file target-v8.cif (mmCIF, C-alpha atoms)
data_start
#
loop_
_atom_site.label_atom_id
_atom_site.label_comp_id
_atom_site.auth_asym_id
_atom_site.auth_seq_id
_atom_site.Cartn_x
_atom_site.Cartn_y
_atom_site.Cartn_z
CA MET A 1 -36.39 -23.16 -5.00
CA ALA A 2 -33.50 -24.87 -3.20
CA ARG A 3 -31.01 -23.48 -5.73
CA ASN A 4 -32.41 -19.96 -5.40
CA ARG A 5 -32.23 -20.17 -1.62
CA HIS A 6 -28.63 -21.34 -1.85
CA ASP A 7 -27.74 -18.42 -4.16
CA ILE A 8 -29.36 -15.96 -1.77
CA GLU A 9 -27.40 -17.38 1.16
CA ILE A 10 -24.13 -17.11 -0.80
CA LYS A 11 -24.86 -13.50 -1.77
CA LEU A 12 -25.81 -12.64 1.79
CA LEU A 13 -22.59 -14.19 3.10
CA CYS A 14 -20.56 -12.25 0.54
CA HIS A 15 -22.25 -8.99 1.53
CA VAL A 16 -21.59 -9.66 5.22
CA VAL A 17 -17.92 -10.36 4.53
CA LEU A 18 -17.59 -7.25 2.35
CA ILE A 19 -19.31 -5.05 4.95
CA PHE A 20 -17.02 -6.38 7.67
CA ALA A 21 -13.95 -5.82 5.47
CA GLY A 22 -15.14 -2.29 4.64
CA ILE A 23 -15.64 -1.41 8.30
CA THR A 24 -12.21 -2.85 9.12
CA MET A 25 -10.54 -0.70 6.46
CA LEU A 26 -12.44 2.41 7.55
CA THR A 27 -11.54 1.98 11.23
CA PRO A 28 -8.12 3.78 10.97
CA PHE A 29 -9.77 6.67 9.10
CA ILE A 30 -12.53 6.95 11.71
CA TRP A 31 -9.95 6.80 14.49
CA MET A 32 -7.98 9.59 12.78
CA ILE A 33 -11.11 11.78 12.72
CA SER A 34 -11.77 10.98 16.36
CA SER A 35 -8.17 11.71 17.40
CA SER A 36 -8.21 15.04 15.56
CA LEU A 37 -11.06 16.20 17.83
CA LYS A 38 -9.49 15.13 21.12
CA THR A 39 -7.17 16.75 23.59
CA LEU A 40 -3.70 15.32 24.10
CA GLU A 41 -4.81 13.84 27.43
CA GLU A 42 -7.76 12.03 25.83
CA ILE A 43 -5.45 10.39 23.29
CA PHE A 44 -3.77 8.32 26.02
CA ILE A 45 -6.91 7.35 27.94
CA PHE A 46 -7.28 3.60 28.45
CA PRO A 47 -9.55 2.03 27.42
CA PRO A 48 -9.62 4.21 24.31
CA ARG A 49 -12.68 6.39 23.75
CA MET A 50 -13.89 6.73 20.17
CA ILE A 51 -16.13 9.78 20.72
CA PRO A 52 -14.32 12.72 22.36
CA LYS A 53 -15.91 14.17 25.47
CA VAL A 54 -15.74 17.72 24.12
CA PRO A 55 -14.82 17.97 20.38
CA GLN A 56 -11.79 20.20 19.97
CA TRP A 57 -12.55 21.98 16.70
CA SER A 58 -9.78 24.40 17.54
CA ASN A 59 -7.27 21.73 16.47
CA TYR A 60 -8.13 22.51 12.84
CA VAL A 61 -7.55 26.21 13.47
CA ARG A 62 -4.18 25.45 15.06
CA VAL A 63 -3.15 23.55 11.91
CA TRP A 64 -3.07 26.80 9.93
CA SER A 65 -1.38 28.81 12.69
CA SER A 66 1.30 26.30 13.68
CA ALA A 67 2.86 26.20 10.19
CA PRO A 68 2.29 27.89 6.79
CA PHE A 69 0.02 25.07 5.62
CA GLY A 70 -1.74 27.39 3.19
CA GLN A 71 1.53 27.81 1.28
CA TYR A 72 2.23 24.09 1.56
CA PHE A 73 -1.18 23.30 0.07
CA PHE A 74 -0.65 25.69 -2.81
CA ASN A 75 2.78 24.20 -3.58
CA SER A 76 1.49 20.62 -3.45
CA PHE A 77 -1.53 21.49 -5.57
CA LYS A 78 0.59 23.24 -8.20
CA ILE A 79 3.06 20.36 -8.41
CA ALA A 80 0.33 17.70 -8.51
CA VAL A 81 -1.82 19.43 -11.14
CA LEU A 82 1.04 20.34 -13.49
CA SER A 83 2.58 16.87 -13.14
CA THR A 84 -0.78 15.27 -13.90
CA ILE A 85 -1.26 17.40 -17.03
CA GLY A 86 2.25 16.57 -18.23
CA GLN A 87 1.84 12.85 -17.55
CA ILE A 88 -1.48 12.62 -19.37
CA PHE A 89 -0.26 14.47 -22.45
CA SER A 90 3.18 12.83 -22.80
CA CYS A 91 2.08 9.27 -21.97
CA SER A 92 -1.04 9.36 -24.15
CA LEU A 93 1.00 10.65 -27.08
CA ALA A 94 3.62 7.92 -26.61
CA ALA A 95 0.91 5.29 -26.14
CA TYR A 96 -0.76 6.36 -29.39
CA ALA A 97 2.54 5.89 -31.22
CA PHE A 98 3.06 2.43 -29.72
CA ALA A 99 -0.54 1.35 -30.34
CA ARG A 100 -1.19 2.68 -33.85
CA LEU A 101 1.97 3.84 -35.62
CA LYS A 102 4.35 1.43 -37.30
CA PHE A 103 8.05 2.26 -37.18
CA PRO A 104 11.27 0.22 -36.97
CA GLY A 105 12.04 -1.10 -33.48
CA ARG A 106 8.64 -0.19 -32.05
CA ASP A 107 8.21 -3.39 -30.06
CA ILE A 108 11.81 -3.38 -28.83
CA ILE A 109 11.53 0.21 -27.65
CA PHE A 110 8.27 -0.59 -25.89
CA LEU A 111 9.91 -3.59 -24.21
CA ILE A 112 12.81 -1.43 -23.01
CA LEU A 113 10.28 1.07 -21.68
CA LEU A 114 8.54 -1.64 -19.68
CA MET A 115 11.88 -2.85 -18.33
CA THR A 116 12.37 0.53 -16.66
CA LEU A 117 9.49 -0.39 -14.35
CA MET A 118 11.86 -2.84 -12.67
CA LEU A 119 14.27 -0.04 -11.69
CA PRO A 120 13.56 1.17 -8.14
CA HIS A 121 13.25 4.89 -7.56
CA GLN A 122 16.14 4.79 -5.09
CA LEU A 123 18.48 3.61 -7.86
CA THR A 124 17.90 6.66 -10.04
CA MET A 125 17.62 9.19 -7.22
CA ILE A 126 21.30 10.23 -7.12
CA PRO A 127 21.81 10.53 -10.92
CA VAL A 128 18.62 12.57 -11.24
CA PHE A 129 19.67 14.86 -8.40
CA TYR A 130 23.09 15.34 -10.00
CA ILE A 131 21.48 16.29 -13.32
CA MET A 132 19.12 18.75 -11.66
CA TYR A 133 21.99 20.21 -9.64
CA LYS A 134 24.06 20.80 -12.77
CA LEU A 135 21.08 22.46 -14.44
CA GLY A 136 20.64 24.76 -11.44
CA TRP A 137 17.13 23.53 -10.68
CA VAL A 138 17.67 22.38 -7.09
CA ASP A 139 15.43 24.22 -4.59
CA THR A 140 12.84 24.85 -7.31
CA HIS A 141 9.68 22.98 -8.27
CA ILE A 142 11.02 22.16 -11.75
CA PRO A 143 12.59 18.77 -10.78
CA LEU A 144 9.25 17.72 -9.31
CA ILE A 145 7.23 18.69 -12.41
CA LEU A 146 9.37 18.48 -15.56
CA PRO A 147 10.03 14.68 -15.53
CA PHE A 148 6.30 14.06 -15.87
CA PHE A 149 6.25 15.95 -19.16
CA LEU A 150 8.73 13.38 -20.50
CA GLY A 151 6.53 10.31 -20.24
CA GLY A 152 6.28 7.38 -17.86
CA ALA A 153 6.36 3.63 -18.36
CA PHE A 154 3.34 2.62 -16.28
CA ALA A 155 0.97 5.30 -17.58
CA THR A 156 2.14 4.69 -21.17
CA PHE A 157 1.47 0.97 -20.80
CA LEU A 158 -2.05 1.49 -19.41
CA THR A 159 -2.93 4.03 -22.10
CA ARG A 160 -1.56 1.85 -24.89
CA GLN A 161 -3.66 -1.07 -23.71
CA PHE A 162 -6.73 1.17 -23.74
CA PHE A 163 -5.97 2.51 -27.22
CA LEU A 164 -5.78 -1.06 -28.51
CA THR A 165 -9.47 -1.48 -27.63
CA ILE A 166 -10.47 1.38 -29.98
CA PRO A 167 -11.53 -0.01 -33.40
CA ARG A 168 -9.07 0.65 -36.22
CA GLU A 169 -12.00 1.43 -38.50
CA LEU A 170 -12.13 4.87 -36.87
CA ASP A 171 -8.53 5.50 -37.97
CA ASP A 172 -9.29 4.36 -41.52
CA ALA A 173 -12.37 6.58 -41.77
CA ALA A 174 -10.41 9.57 -40.48
CA LYS A 175 -7.56 8.95 -42.94
CA ILE A 176 -10.04 8.81 -45.82
CA ASP A 177 -11.26 12.24 -44.73
CA GLY A 178 -7.68 13.49 -44.85
CA CYS A 179 -6.87 13.56 -41.13
CA SER A 180 -3.23 13.45 -40.07
CA PHE A 181 -1.96 11.25 -37.25
CA LEU A 182 -2.00 14.14 -34.79
CA ARG A 183 -5.52 15.14 -35.74
CA ILE A 184 -6.69 11.55 -35.26
CA TYR A 185 -5.00 11.58 -31.86
CA PHE A 186 -6.58 14.86 -30.73
CA GLN A 187 -10.05 14.49 -32.26
CA ILE A 188 -10.69 10.75 -31.93
CA TYR A 189 -8.48 9.08 -29.37
CA LEU A 190 -8.42 11.71 -26.64
CA PRO A 191 -12.22 12.25 -26.59
CA LEU A 192 -12.73 8.47 -26.35
CA SER A 193 -10.13 8.10 -23.60
CA LYS A 194 -11.89 9.71 -20.65
CA PRO A 195 -11.75 6.51 -18.52
CA ILE A 196 -8.00 5.97 -18.92
CA ILE A 197 -7.27 9.70 -18.60
CA ALA A 198 -9.18 9.72 -15.31
CA THR A 199 -7.22 6.68 -14.17
CA ILE A 200 -3.86 8.23 -15.01
CA ALA A 201 -4.97 11.49 -13.39
CA VAL A 202 -5.84 9.73 -10.12
CA PHE A 203 -2.60 7.74 -10.03
CA THR A 204 -0.41 10.72 -10.85
CA PHE A 205 -2.17 13.23 -8.60
CA LEU A 206 -2.13 10.87 -5.62
CA GLY A 207 1.52 10.01 -6.22
CA ARG A 208 2.62 13.64 -6.46
CA TRP A 209 0.44 14.81 -3.58
CA ASN A 210 1.78 12.11 -1.24
CA ASP A 211 5.39 12.32 -2.42
CA LEU A 212 7.82 12.94 0.43
CA TYR A 213 11.26 11.99 -0.88
CA GLY A 214 11.19 14.34 -3.87
CA PRO A 215 10.48 17.53 -1.91
CA LEU A 216 12.88 16.48 0.84
CA ILE A 217 15.71 16.02 -1.66
CA PHE A 218 15.16 18.97 -4.00
CA LEU A 219 13.60 21.66 -1.78
CA HIS A 220 15.24 23.61 1.05
CA THR A 221 13.44 26.95 1.26
CA PRO A 222 10.51 26.72 3.75
CA SER A 223 8.14 28.66 1.47
CA LYS A 224 8.62 26.06 -1.30
CA LEU A 225 7.88 22.95 0.79
CA THR A 226 4.85 20.70 0.29
CA VAL A 227 2.14 19.27 2.53
CA THR A 228 3.95 15.98 3.14
CA VAL A 229 7.08 17.75 4.38
CA GLY A 230 4.88 20.01 6.50
CA LEU A 231 3.25 16.97 8.10
CA SER A 232 6.63 15.41 8.86
CA SER A 233 7.71 18.64 10.56
CA LEU A 234 4.87 18.21 13.08
CA GLN A 235 6.49 15.02 14.39
CA GLY A 236 9.11 15.74 17.01
CA GLN A 237 11.90 13.44 18.13
CA TYR A 238 10.72 13.27 21.73
CA TRP A 239 7.19 14.68 21.64
CA THR A 240 4.40 14.95 19.07
CA ASP A 241 1.11 16.81 19.28
CA ILE A 242 -0.97 13.89 18.04
CA PRO A 243 -4.36 15.71 17.78
CA LEU A 244 -2.71 18.45 15.72
CA LEU A 245 -0.99 15.88 13.50
CA MET A 246 -4.25 13.97 12.96
CA ALA A 247 -6.13 17.18 12.10
CA ALA A 248 -3.43 18.19 9.61
CA SER A 249 -3.43 14.69 8.09
CA LEU A 250 -7.21 14.74 7.67
CA VAL A 251 -7.11 18.16 6.00
CA SER A 252 -4.35 16.96 3.64
CA LEU A 253 -6.52 14.00 2.59
CA LEU A 254 -9.46 16.11 1.43
CA PRO A 255 -8.18 16.96 -2.10
CA THR A 256 -7.42 13.30 -2.88
CA ILE A 257 -10.81 12.14 -1.57
CA ILE A 258 -12.63 14.78 -3.62
CA LEU A 259 -10.67 13.84 -6.75
CA PHE A 260 -11.39 10.13 -6.38
CA LEU A 261 -15.11 10.69 -5.77
CA ALA A 262 -15.30 12.98 -8.79
CA VAL A 263 -13.75 10.50 -11.25
CA GLN A 264 -14.60 7.21 -9.55
CA ARG A 265 -16.81 5.94 -12.39
CA TYR A 266 -14.24 6.69 -15.08
CA TYR A 267 -11.42 5.39 -12.89
CA ILE A 268 -12.93 1.93 -12.47
CA GLU A 269 -13.87 1.74 -16.16
CA GLY A 270 -10.33 2.71 -17.17
CA ILE A 271 -8.77 0.01 -14.99
CA VAL A 272 -11.06 -2.63 -16.48
CA LEU A 273 -10.68 -1.62 -20.14
CA SER A 274 -6.89 -1.14 -19.99
CA GLY A 275 -6.47 -4.88 -19.50
CA ILE A 276 -8.50 -5.77 -22.62
CA LYS A 277 -6.82 -6.13 -25.99
CA ARG A 278 -8.65 -6.68 -29.24
#
call {"tool": "encode", "arguments": {"input": "target-v8.cif", "output": "structure tokens"}}
result
Amino acid sequence: MARNRHDIEIKLLCHVVLIFAGITMLTPFIWMISSSLKTLEEIFIFPPRMIPKVPQWSNYVRVWSSAPFGQYFFNSFKIAVLSTIGQIFSCSLAAYAFARLKFPGRDIIFLILLMTLMLPHQLTMIPVFYIMYKLGWVDTHIPLILPFFLGGAFATFLTRQFFLTIPRELDDAAKIDGCSFLRIYFQIYLPLSKPIIATIAVFTFLGRWNDLYGPLIFLHTPSKLTVTVGLSSLQGQYWTDIPLLMAASLVSLLPTIILFLAVQRYYIEGIVLSGIKR
């Protein structure tokens, strides 16, 4: 009885700590929602007021009239979706080769691939821009999409680790039936890889949706800009309409929240299984 009581007290303490930590992490998000419904005068009231006196729903209408956010959303969505598709296909194909195919220098090539993770993005920014400039792709969405069809070290590593958990007996059975390597990849590995595909999709979509440096460097035409650049344009040097900025920020978060809630179960499972190796 004493041991059971002690276990209950420990679990209760853990739940209290987790609830407190959850509320602490949600506080900025709740404050953003509150600020998006206030007037500019209410923002600077002291002490701060969490619930606005009169909710200003018109702030969300002003978001769409103050800038072409509809076009920004379409551009960001197109870039994020196409980049996610390219990253999933290219990285899963490379991961399958590293996990199941045997060829000379496989481990060395994989090691070199992992070493690229240590290169900061700022180091490769100028060479990549120069290449895109010479190809005539500056001020287009191609530089923001095409690289993700050419693989990626982090996604390839995660997918390879997941593929290593799939029993080799499935490969042997498929080979006996006359399946080629590509058919095994498409008909066995991809259908079994929903957790890791969801994980890569979340990482890539969030990264592309929240990317600011890429669009700032490669895009110049206003109609081709993305949501992140549109949000930065709402911040002035001497004055910022904070309620409008908070409303626009909240609207820009909705696609990422919906995506995470839709694939949350697969996402967590993919993170767990990608660290297991048979």
call {"tool": "resolve_selection", "arguments": {"input": "target-v8.cif", "expression": "the PyMOL selection byres ((chain A and resi 160) around 7)", "output": "mmCIF file with C-alpha atoms, in the frame of the given file"}}
result
data_model
loop_
_atom_site.group_PDB
_atom_site.id
_atom_site.type_symbol
_atom_site.label_atom_id
_atom_site.label_comp_id
_atom_site.auth_asym_id
_atom_site.auth_seq_id
_atom_site.Cartn_x
_atom_site.Cartn_y
_atom_site.Cartn_z
ATOM 1 C CA ALA A 95 0.910 5.290 -26.140
ATOM 2 C CA TYR A 96 -0.760 6.360 -29.390
ATOM 3 C CA PHE A 98 3.060 2.430 -29.720
ATOM 4 C CA ALA A 99 -0.540 1.350 -30.340
ATOM 5 C CA THR A 156 2.140 4.690 -21.170
ATOM 6 C CA PHE A 157 1.470 0.970 -20.800
ATOM 7 C CA LEU A 158 -2.050 1.490 -19.410
ATOM 8 C CA THR A 159 -2.930 4.030 -22.100
ATOM 9 C CA GLN A 161 -3.660 -1.070 -23.710
ATOM 10 C CA PHE A 162 -6.730 1.170 -23.740
ATOM 11 C CA PHE A 163 -5.970 2.510 -27.220
ATOM 12 C CA LEU A 164 -5.780 -1.060 -28.510
#
call {"tool": "resolve_selection", "arguments": {"input": "target-v8.cif", "expression": "the PyMOL selection byres ((chain A and resi 228) around 7)", "output": "PyMOL selection string"}}
result
chain A and resi 210-212+226-227+229-232
call {"tool": "residues_around", "arguments": {"input": "target-v8.cif", "residues": "range 251-264 of chain A", "least_positions_apart": "3", "cutoff": "9 Å", "atoms": "only C-alpha atoms", "output": "list in words"}}
result
Tyr60, Val63, Phe73, Phe77, Pro195, Ala198, Thr199, Val202, Phe205, Leu206, Trp209, Val227, Thr228, Leu231, Met246, Ala247, Ala248, Tyr267, Ile268 and Glu269 of chain A
call {"tool": "resolve_selection", "arguments": {"input": "target-v8.cif", "expression": "the PyMOL selection byres ((chain A and resi 152) around 10)", "output": "ChimeraX atom specification"}}
result
/A:87-88,90-92,94,113-114,116-117,147-151,153-157
call {"tool": "closest_residue", "arguments": {"input": "target-v8.cif", "among": "A:Arg100, A:His141, A:Arg183, A:Arg106", "to": "Pro167 in chain A", "atoms": "all atoms listed in the file"}}
result
A:Arg100
call {"tool": "closest_residue", "arguments": {"input": "target-v8.cif", "among": "A:Ile242, A:Thr24, A:Lys224, A:Ile108", "to": "Phe69 in chain A", "atoms": "all atoms listed in the file"}}
result
A:Lys224
call {"tool": "closest_residue", "arguments": {"input": "target-v8.cif", "among": "A:Leu119, A:Met32, A:Ile79, A:Ile45", "to": "Arg208 in chain A", "atoms": "only C-alpha atoms"}}
result
A:Ile79
call {"tool": "closest_residue", "arguments": {"input": "target-v8.cif", "among": "A:Gly86, A:Pro143, A:Pro104, A:Pro120", "to": "Ile200 in chain A", "atoms": "only C-alpha atoms"}}
result
A:Gly86
call {"tool": "atom_distance", "arguments": {"input": "target-v8.cif", "atom1": "CA of Asp177 in chain A", "atom2": "CA of Asp107 in chain A"}}
result
29.0 Å
call {"tool": "atom_distance", "arguments": {"input": "target-v8.cif", "atom1": "CA of Thr27 in chain A", "atom2": "CA of Leu40 in chain A"}}
result
20.1 Å
call {"tool": "atom_distance", "arguments": {"input": "target-v8.cif", "atom1": "CA of Met115 in chain A", "atom2": "CA of Ala80 in chain A"}}
result
25.5 Å
call {"tool": "residues_near_point", "arguments": {"input": "target-v8.cif", "point": "(-5.8, 14.7, 28.0)", "cutoff": "12 Å", "atoms": "only C-alpha atoms", "output": "NGL selection string"}}
result
:A and (35 or 37-46 or 48-49 or 52-54 or 56 or 241-243)
call {"tool": "write_last_selection", "arguments": {"input": "target-v8.cif", "atoms": "C-alpha atoms", "output": "PDB file, keeping the file's coordinate frame"}}
result
ATOM      1  CA  SER A  35      -8.170  11.710  17.400  1.00  0.00           C
ATOM      2  CA  LEU A  37     -11.060  16.200  17.830  1.00  0.00           C
ATOM      3  CA  LYS A  38      -9.490  15.130  21.120  1.00  0.00           C
ATOM      4  CA  THR A  39      -7.170  16.750  23.590  1.00  0.00           C
ATOM      5  CA  LEU A  40      -3.700  15.320  24.100  1.00  0.00           C
ATOM      6  CA  GLU A  41      -4.810  13.840  27.430  1.00  0.00           C
ATOM      7  CA  GLU A  42      -7.760  12.030  25.830  1.00  0.00           C
ATOM      8  CA  ILE A  43      -5.450  10.390  23.290  1.00  0.00           C
ATOM      9  CA  PHE A  44      -3.770   8.320  26.020  1.00  0.00           C
ATOM     10  CA  ILE A  45      -6.910   7.350  27.940  1.00  0.00           C
ATOM     11  CA  PHE A  46      -7.280   3.600  28.450  1.00  0.00           C
ATOM     12  CA  PRO A  48      -9.620   4.210  24.310  1.00  0.00           C
ATOM     13  CA  ARG A  49     -12.680   6.390  23.750  1.00  0.00           C
ATOM     14  CA  PRO A  52     -14.320  12.720  22.360  1.00  0.00           C
ATOM     15  CA  LYS A  53     -15.910  14.170  25.470  1.00  0.00           C
ATOM     16  CA  VAL A  54     -15.740  17.720  24.120  1.00  0.00           C
ATOM     17  CA  GLN A  56     -11.790  20.200  19.970  1.00  0.00           C
ATOM     18  CA  ASP A 241       1.110  16.810  19.280  1.00  0.00           C
ATOM     19  CA  ILE A 242      -0.970  13.890  18.040  1.00  0.00           C
ATOM     20  CA  PRO A 243      -4.360  15.710  17.780  1.00  0.00           C
TER      21      PRO A 243
END
call {"tool": "closest_residue", "arguments": {"input": "target-v8.cif", "among": "A:Leu219, A:Ile184, A:Leu135, A:Ala173", "to": "Leu101 in chain A", "atoms": "all atoms listed in the file"}}
result
A:Ile184
call {"tool": "closest_residue", "arguments": {"input": "target-v8.cif", "among": "A:Gln235, A:Ser180, A:Ser223, A:Thr140", "to": "Gln71 in chain A", "atoms": "only C-alpha atoms"}}
result
A:Ser223
call {"tool": "decode", "arguments": {"input": "target-v8.cif", "residues": "range 45-85 of chain A", "atoms": "C-alpha atoms", "output": "PDB file, in the first residue's frame"}}
result
ATOM      1  CA  ILE A  45      -2.077  49.243 -21.349  1.00  0.00           C
ATOM      2  CA  PHE A  46      -0.337  48.551 -18.035  1.00  0.00           C
ATOM      3  CA  PRO A  47      -0.981  46.255 -16.311  1.00  0.00           C
ATOM      4  CA  PRO A  48      -1.558  44.113 -19.395  1.00  0.00           C
ATOM      5  CA  ARG A  49      -5.074  42.840 -20.033  1.00  0.00           C
ATOM      6  CA  MET A  50      -5.381  39.319 -21.412  1.00  0.00           C
ATOM      7  CA  ILE A  51      -9.014  39.575 -22.570  1.00  0.00           C
ATOM      8  CA  PRO A  52      -9.670  42.550 -24.883  1.00  0.00           C
ATOM      9  CA  LYS A  53     -12.478  44.888 -23.902  1.00  0.00           C
ATOM     10  CA  VAL A  54     -14.055  44.715 -27.355  1.00  0.00           C
ATOM     11  CA  PRO A  55     -12.609  41.986 -29.657  1.00  0.00           C
ATOM     12  CA  GLN A  56     -11.405  43.560 -32.887  1.00  0.00           C
ATOM     13  CA  TRP A  57     -12.256  40.870 -35.435  1.00  0.00           C
ATOM     14  CA  SER A  58     -11.667  43.457 -38.129  1.00  0.00           C
ATOM     15  CA  ASN A  59      -7.914  42.955 -37.623  1.00  0.00           C
ATOM     16  CA  TYR A  60      -8.186  39.666 -39.525  1.00  0.00           C
ATOM     17  CA  VAL A  61     -10.000  41.420 -42.364  1.00  0.00           C
ATOM     18  CA  ARG A  62      -7.287  44.089 -42.494  1.00  0.00           C
ATOM     19  CA  VAL A  63      -4.653  41.361 -42.907  1.00  0.00           C
ATOM     20  CA  TRP A  64      -5.983  40.533 -46.369  1.00  0.00           C
ATOM     21  CA  SER A  65      -6.461  44.165 -47.399  1.00  0.00           C
ATOM     22  CA  SER A  66      -3.146  45.561 -46.147  1.00  0.00           C
ATOM     23  CA  ALA A  67      -1.047  43.240 -48.348  1.00  0.00           C
ATOM     24  CA  PRO A  68      -1.665  40.507 -50.966  1.00  0.00           C
ATOM     25  CA  PHE A  69      -1.557  37.762 -48.334  1.00  0.00           C
ATOM     26  CA  GLY A  70      -3.695  35.494 -50.490  1.00  0.00           C
ATOM     27  CA  GLN A  71      -0.928  35.421 -53.103  1.00  0.00           C
ATOM     28  CA  TYR A  72       1.694  35.012 -50.377  1.00  0.00           C
ATOM     29  CA  PHE A  73      -0.177  32.013 -48.978  1.00  0.00           C
ATOM     30  CA  PHE A  74      -0.462  30.400 -52.386  1.00  0.00           C
ATOM     31  CA  ASN A  75       3.266  30.880 -53.054  1.00  0.00           C
ATOM     32  CA  SER A  76       4.275  29.487 -49.658  1.00  0.00           C
ATOM     33  CA  PHE A  77       1.899  26.554 -50.002  1.00  0.00           C
ATOM     34  CA  LYS A  78       3.179  25.694 -53.482  1.00  0.00           C
ATOM     35  CA  ILE A  79       6.824  25.870 -52.401  1.00  0.00           C
ATOM     36  CA  ALA A  80       6.232  23.885 -49.200  1.00  0.00           C
ATOM     37  CA  VAL A  81       4.165  21.121 -50.824  1.00  0.00           C
ATOM     38  CA  LEU A  82       6.436  20.614 -53.843  1.00  0.00           C
ATOM     39  CA  SER A  83       9.554  20.696 -51.647  1.00  0.00           C
ATOM     40  CA  THR A  84       8.011  18.135 -49.303  1.00  0.00           C
ATOM     41  CA  ILE A  85       7.148  15.792 -52.181  1.00  0.00           C
TER      42      ILE A  85
END
